[in-house]
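A.B. asks: I'd like to ask you about the structure that follows.
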Amino acid sequence: MLNQSIKKFMEERGIKQSFLKEQLGMKASTVNALLNGDRKISAEEYFKICNALKVPLDYFKSDLTDDNTK
């Protein structure tokens, strides 16, 4: 799933949720919910996450496709 891939990406690179929280301008609880799958990631949030992580929008593309089939 998309959220798991983003979380794994961050863990592998030592990126803290607090960094993403600051970049997105969200509460820590909201970022936590996004990354744990308790809340869907909107298109705007996905764009901001990719921007913050400095990856192209299609970086997690296969995960987006997989999510649409479930």
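In the structure tokens, each chain is lettered A, B, ... as it comes, each chain's residues begin at 1, and ligands are numbered from 1 in order of appearance.
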Could you pull the residues within 10 Å of region 48-63 of chain A, counting only C-alpha atoms, minus those fewer than 6 positions along the same chain, as a PyMOL selection string?
C.D. replies: chain A and resi 1-6+9-10+15+19-25+41-42
A.B. asks: Set the distance at 8 Å and use only C-alpha atoms: which residues neighbour Ala28 (chain A) once local chain neighbours fewer than 4 positions away are removed? I'd like the list as an mmCIF file with N, CA, C and O atoms, in the first residue's frame.
C.D. replies:
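Saved the output as selection.cif:
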data_model
loop_
_atom_site.group_PDB
_atom_site.id
_atom_site.type_symbol
_atom_site.label_atom_id
_atom_site.label_comp_id
_atom_site.auth_asym_id
_atom_site.auth_seq_id
_atom_site.Cartn_x
_atom_site.Cartn_y
_atom_site.Cartn_z
ATOM 1 N N GLN A 17 9.236 11.307 11.114
ATOM 2 C CA GLN A 17 7.894 11.826 10.873
ATOM 3 C C GLN A 17 7.815 13.316 11.203
ATOM 4 O O GLN A 17 7.062 14.049 10.574
ATOM 5 N N SER A 18 8.615 13.745 12.155
ATOM 6 C CA SER A 18 8.601 15.169 12.526
ATOM 7 C C SER A 18 9.057 16.044 11.355
ATOM 8 O O SER A 18 8.557 17.156 11.171
ATOM 9 N N LYS A 21 6.073 16.232 9.088
ATOM 10 C CA LYS A 21 5.087 17.078 9.759
ATOM 11 C C LYS A 21 5.385 18.546 9.500
ATOM 12 O O LYS A 21 4.496 19.323 9.129
ATOM 13 N N ASN A 32 1.014 10.759 11.397
ATOM 14 C CA ASN A 32 1.040 9.391 11.898
ATOM 15 C C ASN A 32 -0.118 8.581 11.307
ATOM 16 O O ASN A 32 0.067 7.446 10.864
#
A.B. asks: Please report, as a ChimeraX atom specification, each residue of chain A to which DSSP assigns helix (DSSP H, G or I) when run on this structure's backbone.
C.D. replies: /A:2-12,17-24,28-35,43-53,61-68
A.B. asks: Could the residues in this selection be written to a file with C-alpha atoms, as a PDB file, in the first residue's frame?
C.D. replies:
ATOM      1  CA  LEU A   2       1.046   3.563  -0.616  1.00  0.00           C
ATOM      2  CA  ASN A   3       1.336   4.588   3.016  1.00  0.00           C
ATOM      3  CA  GLN A   4       3.519   1.582   3.835  1.00  0.00           C
ATOM      4  CA  SER A   5       5.861   2.330   0.943  1.00  0.00           C
ATOM      5  CA  ILE A   6       6.261   5.951   2.018  1.00  0.00           C
ATOM      6  CA  LYS A   7       6.867   4.885   5.616  1.00  0.00           C
ATOM      7  CA  LYS A   8       9.438   2.263   4.508  1.00  0.00           C
ATOM      8  CA  PHE A   9      11.162   4.828   2.268  1.00  0.00           C
ATOM      9  CA  MET A  10      11.444   7.207   5.216  1.00  0.00           C
ATOM     10  CA  GLU A  11      12.670   4.524   7.622  1.00  0.00           C
ATOM     11  CA  GLU A  12      15.343   3.314   5.191  1.00  0.00           C
ATOM     12  CA  GLN A  17       7.894  11.826  10.873  1.00  0.00           C
ATOM     13  CA  SER A  18       8.601  15.169  12.526  1.00  0.00           C
ATOM     14  CA  PHE A  19      10.401  16.270   9.340  1.00  0.00           C
ATOM     15  CA  LEU A  20       7.379  15.390   7.239  1.00  0.00           C
ATOM     16  CA  LYS A  21       5.087  17.078   9.759  1.00  0.00           C
ATOM     17  CA  GLU A  22       7.031  20.316   9.412  1.00  0.00           C
ATOM     18  CA  GLN A  23       7.179  20.098   5.616  1.00  0.00           C
ATOM     19  CA  LEU A  24       3.460  19.417   5.284  1.00  0.00           C
ATOM     20  CA  ALA A  28       1.986  14.894  14.241  1.00  0.00           C
ATOM     21  CA  SER A  29      -1.175  12.821  14.784  1.00  0.00           C
ATOM     22  CA  THR A  30      -2.309  13.500  11.204  1.00  0.00           C
ATOM     23  CA  VAL A  31       1.038  12.478   9.700  1.00  0.00           C
ATOM     24  CA  ASN A  32       1.040   9.391  11.898  1.00  0.00           C
ATOM     25  CA  ALA A  33      -2.475   8.490  10.698  1.00  0.00           C
ATOM     26  CA  LEU A  34      -1.427   8.958   7.057  1.00  0.00           C
ATOM     27  CA  LEU A  35       1.652   6.765   7.387  1.00  0.00           C
ATOM     28  CA  ALA A  43      -3.741  13.789  -4.091  1.00  0.00           C
ATOM     29  CA  GLU A  44      -2.632  17.135  -2.659  1.00  0.00           C
ATOM     30  CA  GLU A  45      -1.015  15.452   0.342  1.00  0.00           C
ATOM     31  CA  TYR A  46       0.715  12.942  -1.952  1.00  0.00           C
ATOM     32  CA  PHE A  47       2.110  15.809  -4.023  1.00  0.00           C
ATOM     33  CA  LYS A  48       3.408  17.531  -0.882  1.00  0.00           C
ATOM     34  CA  ILE A  49       4.894  14.300   0.471  1.00  0.00           C
ATOM     35  CA  CYS A  50       6.766  13.622  -2.781  1.00  0.00           C
ATOM     36  CA  ASN A  51       7.977  17.200  -2.817  1.00  0.00           C
ATOM     37  CA  ALA A  52       9.167  16.997   0.801  1.00  0.00           C
ATOM     38  CA  LEU A  53      10.929  13.677   0.183  1.00  0.00           C
ATOM     39  CA  LYS A  61       3.445   4.828  -8.869  1.00  0.00           C
ATOM     40  CA  SER A  62       3.149   1.057  -8.588  1.00  0.00           C
ATOM     41  CA  ASP A  63       1.727   1.523  -5.102  1.00  0.00           C
ATOM     42  CA  LEU A  64      -0.881   3.932  -6.446  1.00  0.00           C
ATOM     43  CA  THR A  65      -1.913   1.384  -9.059  1.00  0.00           C
ATOM     44  CA  ASP A  66      -2.082  -1.389  -6.475  1.00  0.00           C
ATOM     45  CA  ASP A  67      -4.268   0.751  -4.197  1.00  0.00           C
ATOM     46  CA  ASN A  68      -6.768   1.340  -6.993  1.00  0.00           C
TER      47      ASN A  68
END
